[in-house]
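Reproduced below: structure.cif, with mmCIF, C-alpha atoms.
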data_structure
#
loop_
_atom_site.label_atom_id
_atom_site.label_comp_id
_atom_site.auth_asym_id
_atom_site.auth_seq_id
_atom_site.Cartn_x
_atom_site.Cartn_y
_atom_site.Cartn_z
CA MET A 194 32.65 8.44 12.46
CA ALA A 195 29.71 7.11 10.47
CA THR A 196 29.02 8.56 7.05
CA ALA A 197 25.58 9.17 5.66
CA THR A 198 24.63 6.99 2.74
CA THR A 199 22.61 8.32 -0.13
CA VAL A 200 19.53 6.30 -1.03
CA HIS A 201 18.69 6.37 -4.72
CA PRO A 202 15.14 5.60 -5.85
CA VAL A 203 14.64 2.32 -7.65
CA LYS A 204 14.37 2.70 -11.40
CA LYS A 205 10.85 1.77 -12.46
CA LYS A 206 10.39 -0.84 -15.16
CA PRO A 207 7.35 -0.98 -17.43
CA LEU A 208 4.78 -3.64 -16.63
CA PRO A 209 4.73 -6.67 -18.92
CA ALA A 210 2.39 -6.37 -21.87
CA GLY A 211 -0.30 -8.82 -22.88
CA LEU A 212 -1.59 -9.89 -19.47
CA PRO A 213 -5.30 -9.85 -18.61
CA ARG A 214 -6.71 -6.61 -17.22
CA GLU A 215 -7.43 -8.30 -13.88
CA TRP A 216 -3.70 -8.89 -13.40
CA TYR A 217 -2.92 -5.18 -13.76
CA GLU A 218 -5.77 -4.24 -11.43
CA SER A 219 -4.66 -6.66 -8.72
CA HIS A 220 -1.01 -5.64 -9.14
CA ASN A 221 -1.86 -1.95 -8.67
CA ARG A 222 -4.13 -2.81 -5.73
CA ARG A 223 -1.29 -4.70 -4.02
CA LEU A 224 1.08 -1.76 -4.56
CA LYS A 225 -1.46 0.66 -3.11
CA ALA A 226 -2.11 -1.60 -0.11
CA MET A 227 1.63 -1.93 0.49
CA ARG A 228 2.18 1.84 0.39
CA LEU A 229 -0.69 2.35 2.85
CA ALA A 230 0.53 -0.42 5.17
CA ILE A 231 4.01 1.11 5.25
CA SER A 232 2.56 4.54 6.02
CA LEU A 233 0.44 3.12 8.84
CA LEU A 234 3.37 1.19 10.31
CA ASP A 235 5.52 4.33 10.15
CA SER A 236 2.81 6.27 11.98
CA GLY A 237 2.65 3.71 14.80
CA THR A 238 -0.26 1.47 13.84
CA TYR A 239 1.27 -1.96 14.41
CA ASP A 240 -1.92 -3.91 15.12
CA ALA A 241 -4.17 -4.96 12.25
CA GLN A 242 -7.26 -4.66 14.47
CA ARG A 243 -6.53 -0.97 15.06
CA ALA A 244 -6.24 -0.33 11.32
CA THR A 245 -9.89 0.43 10.67
CA ASN A 246 -11.20 1.39 7.25
CA ARG A 247 -11.54 4.96 8.48
CA LYS A 248 -7.93 5.09 9.66
CA ILE A 249 -6.67 3.56 6.40
CA ARG A 250 -8.69 5.99 4.30
CA THR A 251 -7.52 8.94 6.41
CA MET A 252 -3.93 7.86 5.85
CA ALA A 253 -4.64 7.64 2.11
CA VAL A 254 -5.83 11.25 2.09
CA ARG A 255 -2.76 12.33 4.10
CA THR A 256 -0.36 10.62 1.72
CA GLY A 257 -2.15 11.67 -1.48
CA ILE A 258 -3.42 8.22 -2.46
CA HIS A 259 -6.90 7.75 -3.92
CA ARG A 260 -9.55 6.44 -1.52
CA PRO A 261 -9.07 2.68 -1.10
CA SER A 262 -11.91 0.20 -1.46
CA ASN A 263 -12.96 -2.30 1.19
CA VAL A 264 -10.92 -5.00 -0.56
CA THR A 265 -7.81 -2.81 -0.46
CA CYS A 266 -8.40 -2.07 3.23
CA ARG A 267 -8.50 -5.82 3.93
CA MET A 268 -5.22 -6.21 2.04
CA VAL A 269 -3.65 -3.43 4.14
CA ARG A 270 -4.66 -5.23 7.33
CA ALA A 271 -3.25 -8.50 5.96
CA PHE A 272 0.07 -6.78 5.21
CA ILE A 273 0.19 -5.27 8.71
CA LYS A 274 -0.64 -8.64 10.27
CA ALA A 275 2.17 -10.30 8.30
CA ALA A 276 4.71 -7.62 9.27
#

Representation of the structure as C-alpha cells:
Amino acid sequence: MATATTVHPVKKKPLPAGLPREWYESHNRRLKAMRLAISLLDSGTYDAQRATNRKIRTMAVRTGIHRPSNVTCRMVRAFIKAA
C-alpha cells in the first residue's frame, strides 16, 4: 500500500544585497510570471496562443497576484511555450 508523503515548503533565502535595482525587478517579474504560468497550466491552458493578456490577468486576480504588465504577460506565454 502506498503511503502519502508530506511536502514541506522550501525555506526562503534572502536575496543577495548590493545588486542593481533592475536585477531585483526582473527577478521578481520572473517569479510572478512563473507562478502565473503554473496556475494557467494547472487550469488547463497548455497553449501559449490561448493565454491571452485577459486570461493571464484574470488568473492573477483569482490567485491573489497583482495585475501583471504586458511584459510579464509575454514572459508567462514564453514559460508556457517552453513547458

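Nearest residue to A:Arg247 among A:Thr199, A:Arg228, A:Leu234, A:Cys266 is A:Cys266, counting all atoms listed in the file.
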
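Going from atom CA of A:Ile258 to atom CA of A:Lys225 covers 7.8 Å.
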
Find the residues around A:Arg222 up to 12 Å (all atoms listed in the file counted), leave out those fewer than 5 positions away in its own chain, and share them as number ranges by chain. A: 215-217, 227-229, 258-269

Length of the atom CA of A:Phe272 to atom CA of A:Ala226 vector [Å]: 7.7 Å

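Atom CA of A:Gly257 is positioned 19.2 Å from atom CA of A:Arg270.
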
Which one of A:Arg214, A:Lys248, A:His201, A:Lys206 sits closest to A:Ser232 if you count only C-alpha atoms?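 Smallest distance to A:Ser232 is found for A:Lys248.
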
Which of A:Ala210, A:Ala276, A:Val254, A:His220 sits closest to A:Thr238 [using all atoms listed in the file]: A:Ala276

Using all atoms listed in the file, find the one residue out of A:Ala230, A:Leu224, A:Leu212, A:Val203 that sits nearest to A:Ala271.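 Comparing A:Ala230, A:Leu224, A:Leu212, A:Val203 against A:Ala271, the winner is A:Ala230.
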
Please report, as JSON, the centre and edge lengths in Å to one decimal of an axis-aligned box covering all listed atoms of stretch 223-241 of chain A with 4 Å per side.
{"center_x": 0.7, "center_y": 0.7, "center_z": 5.3, "size_x": 17.7, "size_y": 19.2, "size_z": 27.7}

From the list A:Ile231, A:Leu208, A:Pro213, A:Tyr239, which residue is nearest A:Thr256 when using all atoms listed in the file?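 Result for the nearest residue to A:Thr256: A:Ile231.
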